[in-house]
file entry_19.txt (compact mmCIF, C-alpha atoms and all ligand atoms)
# COMPACT_ATOMS: atom_id res chain seq x y z
CA MET A 83 218.09 50.82 104.95
CA ALA A 84 217.38 50.06 108.62
CA LYS A 85 213.74 50.19 109.59
CA PRO A 86 212.73 53.03 111.98
CA ARG A 87 212.67 51.77 115.57
CA ILE A 88 209.39 52.49 117.34
CA TYR A 89 208.93 51.92 121.07
CA ILE A 90 205.34 51.41 122.29
CA THR A 91 204.96 52.13 125.98
CA ARG A 92 201.99 49.81 126.63
CA LYS A 93 200.92 46.39 125.43
CA ILE A 94 198.68 46.81 122.39
CA PRO A 95 197.09 44.13 120.18
CA ASP A 96 199.59 42.64 117.70
CA LYS A 97 196.97 42.76 114.96
CA LEU A 98 197.06 46.57 114.93
CA LEU A 99 200.76 46.38 114.07
CA ASP A 100 200.34 43.85 111.23
CA PRO A 101 200.01 46.47 108.45
CA TYR A 102 203.19 48.20 109.67
CA ASN A 103 205.50 45.31 110.56
CA GLU A 104 207.30 45.31 107.21
CA LYS A 105 208.29 48.95 107.51
CA PHE A 106 208.98 49.33 111.23
CA ASP A 107 210.96 47.64 113.91
CA PHE A 108 208.57 47.67 116.89
CA ARG A 109 209.44 47.08 120.53
CA MET A 110 206.72 47.13 123.16
CA TRP A 111 206.34 47.18 126.96
CA GLU A 112 204.71 43.77 127.40
CA LYS A 113 203.22 43.86 130.92
CA GLU A 114 199.52 44.63 130.71
CA ASP A 115 198.98 45.44 134.37
CA GLU A 116 202.03 47.62 134.89
CA ALA A 117 203.09 50.96 133.43
CA VAL A 118 206.51 51.15 131.83
CA PRO A 119 209.00 52.23 134.53
CA ARG A 120 210.53 55.64 133.92
CA GLU A 121 214.07 54.27 133.59
CA VAL A 122 212.96 51.71 130.99
CA LEU A 123 211.13 54.41 129.03
CA LYS A 124 214.21 56.65 129.04
CA LYS A 125 216.47 53.79 127.96
CA GLU A 126 214.12 52.76 125.15
CA ALA A 127 213.69 56.38 124.01
CA ARG A 128 217.51 56.67 123.72
CA GLN A 129 217.43 53.92 121.06
CA ALA A 130 214.19 54.86 119.28
CA ASP A 131 213.26 56.85 116.19
CA GLY A 132 209.66 57.10 117.36
CA LEU A 133 207.57 56.61 120.50
CA LEU A 134 203.93 55.64 120.81
CA CYS A 135 203.12 56.70 124.35
CA VAL A 136 200.15 57.23 126.66
CA LEU A 137 199.02 60.19 128.73
CA THR A 138 200.75 59.09 131.94
CA ASP A 139 204.18 58.89 130.28
CA GLN A 140 206.07 62.09 131.05
CA ILE A 141 207.86 63.16 127.90
CA ASP A 142 210.00 65.91 129.39
CA GLU A 143 213.24 67.64 128.50
CA ASP A 144 215.26 65.15 130.50
CA LEU A 145 213.98 62.33 128.28
CA LEU A 146 214.05 64.27 125.00
CA LYS A 147 217.60 65.54 125.34
CA ARG A 148 218.89 61.99 125.85
CA ALA A 149 217.07 60.59 122.79
CA PRO A 150 219.29 61.66 119.87
CA ASP A 151 217.43 59.73 117.16
CA LEU A 152 213.90 60.47 118.34
CA LYS A 153 211.86 62.21 115.65
CA ILE A 154 208.21 61.68 116.56
CA VAL A 155 206.15 61.10 119.70
CA ALA A 156 202.64 59.86 118.97
CA ASN A 157 200.59 60.47 122.11
CA MET A 158 197.59 58.20 122.52
CA ALA A 159 195.39 61.04 123.80
CA VAL A 160 194.05 64.33 122.56
CA GLY A 161 195.42 66.12 125.63
CA TYR A 162 199.21 66.44 125.58
CA ASP A 163 199.99 68.14 128.88
CA ASN A 164 202.26 65.14 129.64
CA ILE A 165 204.63 66.37 126.94
CA ASP A 166 207.00 69.31 127.17
CA VAL A 167 206.22 70.73 123.74
CA ASP A 168 208.79 73.52 124.08
CA ALA A 169 211.52 70.97 124.65
CA ALA A 170 210.15 68.87 121.77
CA GLY A 171 210.46 71.94 119.52
CA LYS A 172 213.97 72.56 120.79
CA TYR A 173 215.07 69.01 119.95
CA GLY A 174 213.14 68.88 116.66
CA VAL A 175 210.70 66.19 117.77
CA ILE A 176 207.21 66.14 116.19
CA ILE A 177 204.30 65.53 118.57
CA THR A 178 200.99 64.06 117.44
CA ASN A 179 197.76 63.54 119.37
CA THR A 180 194.39 61.84 118.74
CA PRO A 181 191.70 64.50 118.22
CA ASP A 182 188.19 63.78 116.87
CA VAL A 183 188.26 59.97 117.07
CA LEU A 184 187.44 60.11 120.79
CA THR A 185 185.16 63.13 120.89
CA GLU A 186 181.77 61.38 120.97
CA THR A 187 182.89 58.58 123.29
CA THR A 188 184.31 61.07 125.79
CA ALA A 189 181.18 63.20 125.61
CA ASP A 190 179.10 60.07 126.29
CA LEU A 191 181.10 59.45 129.46
CA GLY A 192 180.88 63.10 130.46
CA PHE A 193 177.13 63.06 130.16
CA ALA A 194 176.93 59.69 131.93
CA LEU A 195 178.91 61.15 134.84
CA LEU A 196 176.60 64.15 134.95
CA MET A 197 173.59 61.86 135.08
CA ALA A 198 175.16 59.52 137.62
CA ALA A 199 176.02 62.41 139.93
CA ALA A 200 172.67 64.17 139.51
CA ARG A 201 170.57 61.05 139.98
CA ARG A 202 172.85 59.45 142.62
CA MET A 203 173.18 56.31 140.54
CA ILE A 204 176.36 54.88 142.10
CA GLU A 205 174.99 55.47 145.60
CA ALA A 206 171.72 53.81 144.58
CA ASN A 207 173.52 50.78 143.22
CA GLN A 208 175.53 50.50 146.43
CA TYR A 209 172.30 50.77 148.42
CA ILE A 210 171.02 47.56 146.89
CA ARG A 211 174.40 45.81 147.06
CA LYS A 212 174.59 46.62 150.79
CA ASP A 213 171.11 45.12 151.15
CA GLU A 214 169.66 48.37 152.47
CA TRP A 215 166.60 48.49 150.18
CA LYS A 216 163.78 47.54 152.51
CA ASN A 217 160.97 49.74 151.30
CA TRP A 218 160.04 52.57 148.97
CA SER A 219 159.61 56.11 150.23
CA PRO A 220 158.85 59.45 148.55
CA TYR A 221 162.34 60.92 148.75
CA LEU A 222 164.37 57.72 148.67
CA LEU A 223 167.64 58.59 146.88
CA ALA A 224 166.02 61.64 145.32
CA GLY A 225 168.53 63.60 143.26
CA SER A 226 168.46 66.59 140.93
CA ASP A 227 166.65 66.98 137.64
CA ILE A 228 168.74 67.23 134.51
CA HIS A 229 166.18 68.06 131.84
CA HIS A 230 165.50 71.76 131.23
CA LYS A 231 168.30 72.82 133.57
CA THR A 232 171.26 74.99 132.60
CA ILE A 233 174.58 73.43 131.71
CA GLY A 234 177.71 75.59 131.68
CA ILE A 235 180.47 74.24 129.49
CA ALA A 236 183.98 75.55 130.15
CA GLY A 237 185.96 74.79 127.00
CA MET A 238 183.72 74.75 123.94
CA GLY A 239 186.05 72.71 121.75
CA ARG A 240 185.33 69.39 120.06
CA ILE A 241 184.21 67.58 123.22
CA GLY A 242 182.49 70.65 124.67
CA LYS A 243 180.29 70.87 121.57
CA ALA A 244 179.54 67.14 121.71
CA ILE A 245 178.39 67.60 125.33
CA ALA A 246 176.24 70.53 124.25
CA ARG A 247 174.56 68.37 121.57
CA ARG A 248 173.64 65.81 124.23
CA ALA A 249 172.40 68.56 126.54
CA LYS A 250 170.10 69.90 123.82
CA GLY A 251 168.47 66.47 123.64
CA PHE A 252 167.58 66.89 127.32
CA GLY A 253 166.01 70.28 126.71
CA MET A 254 168.81 72.01 128.63
CA SER A 255 169.94 75.61 128.17
CA VAL A 256 173.59 75.72 127.21
CA VAL A 257 175.96 78.49 128.26
CA TYR A 258 179.63 78.30 127.47
CA TYR A 259 182.91 79.94 128.33
CA ASN A 260 185.87 79.74 125.99
CA ARG A 261 188.83 81.92 125.14
CA SER A 262 187.41 82.43 121.64
CA ARG A 263 183.76 82.76 120.67
CA LYS A 264 182.25 79.80 118.79
CA PRO A 265 179.66 81.26 116.39
CA GLU A 266 178.81 77.84 114.93
CA ALA A 267 177.93 76.48 118.40
CA GLU A 268 175.88 79.60 119.09
CA LYS A 269 173.96 79.11 115.85
CA GLU A 270 173.58 75.32 115.76
CA LEU A 271 173.22 74.60 119.48
CA GLN A 272 171.79 77.92 120.68
CA ALA A 273 174.75 77.99 123.08
CA VAL A 274 175.04 81.33 124.81
CA TYR A 275 178.50 82.76 125.39
CA ALA A 276 179.19 83.94 128.93
CA ASP A 277 182.19 85.17 130.82
CA PHE A 278 183.44 82.70 133.41
CA GLU A 279 181.76 84.41 136.39
CA THR A 280 178.38 84.51 134.66
CA LEU A 281 178.65 80.85 133.68
CA LEU A 282 179.37 79.91 137.30
CA ALA A 283 176.44 81.92 138.61
CA LYS A 284 173.92 80.62 136.08
CA SER A 285 174.73 76.94 135.71
CA ASP A 286 173.13 73.97 137.42
CA PHE A 287 175.90 71.81 135.96
CA VAL A 288 179.40 73.14 135.33
CA VAL A 289 181.43 70.92 133.04
CA SER A 290 185.18 71.33 132.54
CA VAL A 291 186.46 70.37 129.12
CA LEU A 292 189.42 72.77 129.32
CA PRO A 293 192.85 71.44 128.46
CA LEU A 294 195.43 71.64 131.25
CA THR A 295 197.81 74.53 130.57
CA ALA A 296 199.58 77.17 132.65
CA ASP A 297 196.41 79.30 132.24
CA THR A 298 193.94 76.67 133.39
CA LYS A 299 195.88 75.05 136.25
CA HIS A 300 193.70 75.08 139.40
CA LYS A 301 191.17 77.28 137.62
CA PHE A 302 188.43 75.59 139.66
CA ASN A 303 189.31 76.59 143.21
CA ALA A 304 187.62 77.75 146.43
CA GLU A 305 186.78 81.19 145.01
CA VAL A 306 185.20 79.61 141.95
CA PHE A 307 183.16 77.04 143.88
CA LYS A 308 181.81 79.91 146.03
CA LYS A 309 180.44 81.54 142.89
CA MET A 310 178.48 78.44 141.86
CA LYS A 311 174.95 77.71 142.98
CA ASN A 312 174.67 75.64 146.18
CA SER A 313 172.72 73.16 144.09
CA ALA A 314 175.37 73.00 141.34
CA ILE A 315 177.09 69.82 140.27
CA PHE A 316 180.63 70.05 138.91
CA ILE A 317 181.81 67.63 136.24
CA ASN A 318 185.43 67.27 135.19
CA ILE A 319 186.35 65.20 132.15
CA SER A 320 189.43 67.16 131.07
CA ARG A 321 192.40 66.98 133.44
CA GLY A 322 192.60 66.78 137.22
CA GLY A 323 195.10 69.63 137.28
CA VAL A 324 192.42 72.19 136.36
CA VAL A 325 190.92 71.66 139.82
CA ASN A 326 192.21 72.38 143.29
CA GLU A 327 191.05 69.06 144.74
CA THR A 328 191.31 70.11 148.39
CA ASP A 329 189.04 73.08 147.62
CA LEU A 330 186.58 70.88 145.75
CA ALA A 331 186.30 68.38 148.62
CA GLU A 332 185.81 71.27 151.06
CA ALA A 333 183.17 72.93 148.83
CA ILE A 334 181.18 69.71 148.84
CA ARG A 335 181.71 68.98 152.53
CA THR A 336 180.47 72.48 153.44
CA LYS A 337 177.61 72.25 150.91
CA GLN A 338 178.94 75.17 148.90
CA ILE A 339 178.09 73.01 145.89
CA LYS A 340 176.02 69.85 145.76
CA GLY A 341 178.22 67.26 144.12
CA ALA A 342 180.70 66.30 141.46
CA GLY A 343 181.42 63.76 138.77
CA LEU A 344 185.11 63.28 138.06
CA ASP A 345 186.90 61.19 135.47
CA VAL A 346 190.31 62.78 136.01
CA PHE A 347 192.51 63.58 139.00
CA GLU A 348 195.62 65.62 139.63
CA ASN A 349 197.71 62.57 140.53
CA GLU A 350 196.46 59.43 138.85
CA PRO A 351 195.76 56.75 139.82
CA ILE A 352 193.98 57.73 143.03
CA ALA A 353 193.57 55.15 145.77
CA ALA A 354 190.59 54.08 147.86
CA ASN A 355 191.81 56.31 150.71
CA HIS A 356 191.61 59.48 148.58
CA PRO A 357 189.50 62.14 150.38
CA PHE A 358 186.98 62.09 147.50
CA MET A 359 186.14 58.51 148.41
CA GLN A 360 184.73 59.75 151.75
CA LEU A 361 182.13 61.85 149.96
CA GLU A 362 179.07 60.12 148.54
CA GLU A 363 178.26 63.25 146.56
CA ILE A 364 181.27 62.64 144.32
CA VAL A 365 181.17 60.06 141.55
CA CYS A 366 184.65 59.03 140.45
CA MET A 367 185.78 57.15 137.36
CA PRO A 368 189.34 55.98 136.63
CA HIS A 369 189.99 58.21 133.60
CA ILE A 370 187.88 56.18 131.18
CA GLY A 371 186.48 59.02 129.07
CA SER A 372 187.54 57.51 125.75
CA ALA A 373 187.45 53.90 126.92
CA SER A 374 185.23 52.09 124.46
CA GLU A 375 186.86 49.24 122.57
CA GLU A 376 186.10 50.92 119.25
CA THR A 377 187.53 54.27 120.26
CA ARG A 378 190.65 52.91 121.93
CA SER A 379 191.43 50.98 118.71
CA ALA A 380 190.74 54.10 116.64
CA MET A 381 193.15 56.08 118.85
CA LEU A 382 195.89 53.47 118.50
CA ASN A 383 195.34 53.26 114.75
CA LEU A 384 195.61 57.04 114.51
CA CYS A 385 198.91 56.97 116.43
CA LEU A 386 200.24 54.35 114.01
CA GLU A 387 198.98 56.32 111.00
CA ASN A 388 200.79 59.37 112.36
CA ILE A 389 204.03 57.43 112.71
CA GLY A 390 203.54 55.76 109.32
CA GLY A 391 202.76 59.08 107.63
CA PHE A 392 205.77 60.75 109.16
CA PHE A 393 208.31 58.11 108.14
CA THR A 394 206.91 57.61 104.63
CA GLY A 395 207.06 61.33 103.91
CA ARG A 396 203.28 61.89 103.69
CA GLY A 397 203.42 63.71 106.99
CA PRO A 398 201.59 62.93 110.22
CA LYS A 399 197.80 63.23 110.08
CA THR A 400 197.25 65.00 113.40
CA PRO A 401 200.36 66.88 114.49
CA VAL A 402 200.15 69.14 117.51
CA GLU A 403 200.73 72.75 116.50
CA TYR A 404 203.26 74.45 118.72
P1 LIG B 501 189.76 71.15 121.94
O1 LIG B 501 188.86 70.88 120.78
O2 LIG B 501 191.11 71.72 121.72
O3 LIG B 501 188.93 72.06 122.99
C1 LIG B 501 189.52 72.77 124.01
C2 LIG B 501 188.80 74.11 124.11
O4 LIG B 501 189.29 74.80 125.25
C3 LIG B 501 189.04 75.00 122.89
O5 LIG B 501 187.80 75.48 122.42
C4 LIG B 501 189.92 76.11 123.42
O6 LIG B 501 189.68 77.37 122.85
C5 LIG B 501 189.50 76.15 124.88
N1 LIG B 501 190.56 76.72 125.73
C6 LIG B 501 191.85 76.38 125.80
N2 LIG B 501 192.49 77.09 126.73
C7 LIG B 501 191.56 77.94 127.26
C8 LIG B 501 191.60 78.92 128.26
N3 LIG B 501 192.73 79.21 128.93
N4 LIG B 501 190.46 79.58 128.57
C9 LIG B 501 189.31 79.32 127.89
N5 LIG B 501 189.22 78.39 126.93
C10 LIG B 501 190.32 77.70 126.62
O7 LIG B 501 190.01 69.80 122.76
P2 LIG B 501 189.01 68.57 122.97
O8 LIG B 501 189.27 67.54 121.95
O9 LIG B 501 187.64 69.07 123.18
O10 LIG B 501 189.60 68.02 124.37
C11 LIG B 501 189.60 68.85 125.50
C12 LIG B 501 190.36 68.23 126.65
O11 LIG B 501 189.64 67.12 127.16
C13 LIG B 501 191.72 67.64 126.28
O12 LIG B 501 192.73 68.63 126.30
C14 LIG B 501 191.94 66.61 127.34
O13 LIG B 501 192.63 67.16 128.43
C15 LIG B 501 190.54 66.23 127.78
N6 LIG B 501 190.15 64.86 127.43
C16 LIG B 501 189.88 63.98 128.43
C17 LIG B 501 189.44 62.72 128.12
C18 LIG B 501 189.13 61.74 129.20
O14 LIG B 501 189.36 60.55 129.01
N7 LIG B 501 188.56 62.15 130.31
C19 LIG B 501 189.30 62.32 126.80
C20 LIG B 501 189.59 63.24 125.81
C21 LIG B 501 190.00 64.53 126.15
P3 LIG B 501 190.14 77.78 121.37
O15 LIG B 501 189.17 77.11 120.43
O16 LIG B 501 190.05 79.25 121.38
O17 LIG B 501 191.53 77.23 121.18
C1 LIG B 502 192.38 61.57 127.40
O1 LIG B 502 192.37 61.96 128.50
C2 LIG B 502 192.78 62.32 126.26
O2 LIG B 502 193.26 63.45 126.42
O3 LIG B 502 192.65 61.79 125.16
call {"tool": "encode", "arguments": {"input": "entry_19.txt", "output": "structure tokens"}}
result
Amino acid sequence: MAKPRIYITRKIPDKLLDPYNEKFDFRMWEKEDEAVPREVLKKEARQADGLLCVLTDQIDEDLLKRAPDLKIVANMAVGYDNIDVDAAGKYGVIITNTPDVLTETTADLGFALLMAAARRMIEANQYIRKDEWKNWSPYLLAGSDIHHKTIGIAGMGRIGKAIARRAKGFGMSVVYYNRSRKPEAEKELQAVYADFETLLAKSDFVVSVLPLTADTKHKFNAEVFKKMKNSAIFINISRGGVVNETDLAEAIRTKQIKGAGLDVFENEPIAANHPFMQLEEIVCMPHIGSASEETRSAMLNLCLENIGGFFTGRGPKTPVEY
């Protein structure tokens, strides 16, 4: 019997494929510094039984309807807003994602961004690099305290809870907003449930860990920034699409809020001329939430386990429910 044909949309280490080479016929986009062009992805999908893709690959109806043999798409991300799950259901394609394996690593980055924005760490590093450090003065690069402040977590899922655990270590009060109450987080982390408006009003740090959906698109907009404290710092580690970026830049420019730490943007990658780059109060990272070597390998391994499980009849380990 012919081996299932799996197309991998980025270059990944050959050694990860070793345990699977006997059972699968792998093809891979080989250029490390270039994303697979759309037309190549569509052509490869037409001839594939499975795809291992990344979060910038758009798996839409146009692609799915032209891929007659495609049975599984293993997304190397926990978020799957790049995939049209309704169309996948329509064409009988299973979608899998990578929950849990990246939770702690992403929470580390989220908290690092919070700290970098609060304590002006990028600005401070630049200050030395630009050779501007000539003396010490009482308020030189003075930022905001983190310890014992209030953190408001929007989206108390796996990563939200991991952020809350870190916040507890800093003596912070944790409030959260989520579409369902999380009694275990309330008990274990003393997290206090709040409606969205209350969270905005109370928090010194507002952290978005909400997935991007029709309900959350541009949830953080001018009206919302107006309801935050003027001293608040906004952190986004979920998806750029949950924020109206023009409104965020304006809120910071007009000192409606104090600053932001962003790992994700509506249209990635952003360039050096992006308006956020004009604002020192914003710390930007190139979507590296889960980017530790260990976690990226764990994510790829989970994708391969999902594909392996599907084709051997055990079933995928982490299918997306839709
Ligand atoms: P998760 O466990 O599914 O958590 C998401 C939480 O958001 C859930 O508690 C869910 O509530 C809540 N939620 C969903 N829609 C909502 C709405 N409309 N209003 C209020 N609450 C809502 O996911 P996760 O593993 O924590 O990941 C969260 C997101 O982080 C991912 O979707 C992804 O976009 C992003 N992410 C980014 C990076 C990065 O590199 N920056 C890395 C990993 C993940 P219920 O429990 O009621 O469903
Ligand atoms: C990364 O952004 C993910 O969703 O895993």
call {"tool": "residues_near_ligand", "arguments": {"input": "entry_19.txt", "ligand": "ligand LIG 501 (chain B)", "cutoff": "7 Å", "atoms": "all atoms listed in the file", "output": "PyMOL selection string"}}
result
chain A and resi 159-162+181-182+184-185+188+236-242+259-262+291-294+297-298+319-321+345-346+369-372
call {"tool": "atom_distance", "arguments": {"input": "entry_19.txt", "atom1": "atom CA of A:Tyr258", "atom2": "atom CA of A:Phe347"}}
result
22.7 Å
call {"tool": "residues_around", "arguments": {"input": "entry_19.txt", "residues": "A:Ala373", "least_positions_apart": "3", "cutoff": "12 Å", "atoms": "all atoms listed in the file", "output": "PyMOL selection string"}}
result
chain A and resi 158-159+183-192+345+367-370+376-382
call {"tool": "atom_distance", "arguments": {"input": "entry_19.txt", "atom1": "atom CA of A:Val365", "atom2": "atom CA of A:Ala117"}}
result
25.1 Å
call {"tool": "residues_around", "arguments": {"input": "entry_19.txt", "residues": "A:Ile315", "least_positions_apart": "3", "cutoff": "9 Å", "atoms": "only C-alpha atoms", "output": "JSON, numbers by chain"}}
result
{"A": [196, 199, 200, 285, 286, 287, 288, 289, 310, 311, 312, 339, 340, 341, 342, 343]}
call {"tool": "axis_aligned_box", "arguments": {"input": "entry_19.txt", "around": "stretch 234-243 of chain A", "padding_each_side": "3 Å", "output": "lines of an AutoDock Vina configuration file"}}
result
center_x = 181.9
center_y = 71.6
center_z = 125.9
size_x = 14.3
size_y = 14.0
size_z = 17.6
call {"tool": "closest_residue", "arguments": {"input": "entry_19.txt", "among": "A:Glu126, A:Glu112, A:Asp151, A:Glu266", "to": "A:Pro95", "atoms": "all atoms listed in the file"}}
result
A:Glu112
call {"tool": "residues_around", "arguments": {"input": "entry_19.txt", "residues": "A:Lys85", "least_positions_apart": "5", "cutoff": "9 Å", "atoms": "only C-alpha atoms", "output": "list in words"}}
result
Glu104, Lys105, Phe106 and Asp107 of chain A
call {"tool": "closest_residue", "arguments": {"input": "entry_19.txt", "among": "A:Lys124, A:Lys309, A:Ala206, A:Cys135", "to": "ligand LIG 502 (chain B)", "atoms": "only C-alpha atoms and all ligand atoms"}}
result
A:Cys135
call {"tool": "closest_residue", "arguments": {"input": "entry_19.txt", "among": "A:Asp163, A:Asp277, A:Asp168, A:Glu332", "to": "A:Leu137", "atoms": "all atoms listed in the file"}}
result
A:Asp163
call {"tool": "atom_distance", "arguments": {"input": "entry_19.txt", "atom1": "atom CA of A:Gly132", "atom2": "atom CA of A:Arg109"}}
result
10.5 Å
call {"tool": "closest_residue", "arguments": {"input": "entry_19.txt", "among": "A:Phe393, A:Ser290, A:Asn103, A:Val167", "to": "A:Ile233", "atoms": "only C-alpha atoms"}}
result
A:Ser290
call {"tool": "closest_residue", "arguments": {"input": "entry_19.txt", "among": "A:Asn326, A:Asn318, A:Ser226, A:Asn207", "to": "ligand LIG 502 (chain B)", "atoms": "only C-alpha atoms and all ligand atoms"}}
result
A:Asn318
call {"tool": "residues_around", "arguments": {"input": "entry_19.txt", "residues": "A:Pro150", "least_positions_apart": "5", "cutoff": "12 Å", "atoms": "only C-alpha atoms", "output": "PDB file with C-alpha atoms, in the frame of the given file"}}
result
ATOM      1  CA  LYS A 124     214.210  56.650 129.040  1.00  0.00           C
ATOM      2  CA  LYS A 125     216.470  53.790 127.960  1.00  0.00           C
ATOM      3  CA  GLU A 126     214.120  52.760 125.150  1.00  0.00           C
ATOM      4  CA  ALA A 127     213.690  56.380 124.010  1.00  0.00           C
ATOM      5  CA  ARG A 128     217.510  56.670 123.720  1.00  0.00           C
ATOM      6  CA  GLN A 129     217.430  53.920 121.060  1.00  0.00           C
ATOM      7  CA  ALA A 130     214.190  54.860 119.280  1.00  0.00           C
ATOM      8  CA  ASP A 131     213.260  56.850 116.190  1.00  0.00           C
ATOM      9  CA  GLY A 132     209.660  57.100 117.360  1.00  0.00           C
ATOM     10  CA  ASP A 144     215.260  65.150 130.500  1.00  0.00           C
ATOM     11  CA  LEU A 145     213.980  62.330 128.280  1.00  0.00           C
ATOM     12  CA  ALA A 170     210.150  68.870 121.770  1.00  0.00           C
ATOM     13  CA  TYR A 173     215.070  69.010 119.950  1.00  0.00           C
ATOM     14  CA  GLY A 174     213.140  68.880 116.660  1.00  0.00           C
ATOM     15  CA  VAL A 175     210.700  66.190 117.770  1.00  0.00           C
TER      16      VAL A 175
END
call {"tool": "closest_residue", "arguments": {"input": "entry_19.txt", "among": "A:Pro401, A:Pro220, A:Pro119, A:Gly322", "to": "ligand LIG 502 (chain B)", "atoms": "only C-alpha atoms and all ligand atoms"}}
result
A:Gly322
call {"tool": "residues_near_point", "arguments": {"input": "entry_19.txt", "point": "(171.4, 58.4, 142.2)", "cutoff": "10 Å", "atoms": "all atoms listed in the file", "output": "list in words"}}
result
Met197, Ala198, Ala199, Ala200, Arg201, Arg202, Met203, Ile204, Glu205, Ala206, Asn207, Gln208, Tyr209, Leu222, Leu223, Ala224, Gly225, Ser226, Glu363 and Val365 of chain A
call {"tool": "write_last_selection", "arguments": {"input": "entry_19.txt", "atoms": "C-alpha atoms", "output": "JSON list (two decimals), in the frame of the given file"}}
result
[["chain", "number", "residue", "atom", "x", "y", "z"],
["A", 197, "MET", "CA", 173.59, 61.86, 135.08],
["A", 198, "ALA", "CA", 175.16, 59.52, 137.62],
["A", 199, "ALA", "CA", 176.02, 62.41, 139.93],
["A", 200, "ALA", "CA", 172.67, 64.17, 139.51],
["A", 201, "ARG", "CA", 170.57, 61.05, 139.98],
["A", 202, "ARG", "CA", 172.85, 59.45, 142.62],
["A", 203, "MET", "CA", 173.18, 56.31, 140.54],
["A", 204, "ILE", "CA", 176.36, 54.88, 142.10],
["A", 205, "GLU", "CA", 174.99, 55.47, 145.60],
["A", 206, "ALA", "CA", 171.72, 53.81, 144.58],
["A", 207, "ASN", "CA", 173.52, 50.78, 143.22],
["A", 208, "GLN", "CA", 175.53, 50.50, 146.43],
["A", 209, "TYR", "CA", 172.30, 50.77, 148.42],
["A", 222, "LEU", "CA", 164.37, 57.72, 148.67],
["A", 223, "LEU", "CA", 167.64, 58.59, 146.88],
["A", 224, "ALA", "CA", 166.02, 61.64, 145.32],
["A", 225, "GLY", "CA", 168.53, 63.60, 143.26],
["A", 226, "SER", "CA", 168.46, 66.59, 140.93],
["A", 363, "GLU", "CA", 178.26, 63.25, 146.56],
["A", 365, "VAL", "CA", 181.17, 60.06, 141.55]]
call {"tool": "build_atoms", "arguments": {"input": "entry_19.txt", "residues": "stretch 283-293 of chain A", "atoms": "N, CA, C and O atoms", "output": "tab-separated table (two decimals), in the frame of the given file"}}
result
chain	number	residue	atom	x	y	z
A	283	ALA	N	177.63	81.48	137.89
A	283	ALA	CA	176.44	81.92	138.61
A	283	ALA	C	175.16	81.30	138.04
A	283	ALA	O	174.21	81.03	138.78
A	284	LYS	N	175.17	81.05	136.72
A	284	LYS	CA	173.92	80.62	136.08
A	284	LYS	C	173.72	79.12	136.03
A	284	LYS	O	172.59	78.64	135.87
A	285	SER	N	174.82	78.35	136.09
A	285	SER	CA	174.73	76.94	135.71
A	285	SER	C	174.29	76.01	136.85
A	285	SER	O	174.74	76.15	137.99
A	286	ASP	N	173.47	75.05	136.48
A	286	ASP	CA	173.13	73.97	137.42
A	286	ASP	C	174.19	72.87	137.35
A	286	ASP	O	174.42	72.16	138.31
A	287	PHE	N	174.81	72.76	136.16
A	287	PHE	CA	175.90	71.81	135.96
A	287	PHE	C	177.04	72.59	135.33
A	287	PHE	O	176.82	73.27	134.32
A	288	VAL	N	178.21	72.50	135.91
A	288	VAL	CA	179.40	73.14	135.33
A	288	VAL	C	180.33	72.03	134.88
A	288	VAL	O	180.73	71.18	135.68
A	289	VAL	N	180.63	72.03	133.60
A	289	VAL	CA	181.43	70.92	133.04
A	289	VAL	C	182.77	71.47	132.55
A	289	VAL	O	182.80	72.37	131.70
A	290	SER	N	183.87	70.90	133.04
A	290	SER	CA	185.18	71.33	132.54
A	290	SER	C	185.64	70.43	131.41
A	290	SER	O	185.79	69.21	131.57
A	291	VAL	N	185.86	71.07	130.26
A	291	VAL	CA	186.46	70.37	129.12
A	291	VAL	C	187.67	71.19	128.66
A	291	VAL	O	188.05	71.18	127.49
A	292	LEU	N	188.26	71.93	129.62
A	292	LEU	CA	189.42	72.77	129.32
A	292	LEU	C	190.70	71.96	129.34
A	292	LEU	O	190.91	71.18	130.28
A	293	PRO	N	191.56	72.13	128.37
A	293	PRO	CA	192.85	71.44	128.46
A	293	PRO	C	193.66	71.97	129.65
A	293	PRO	O	193.43	73.11	130.08
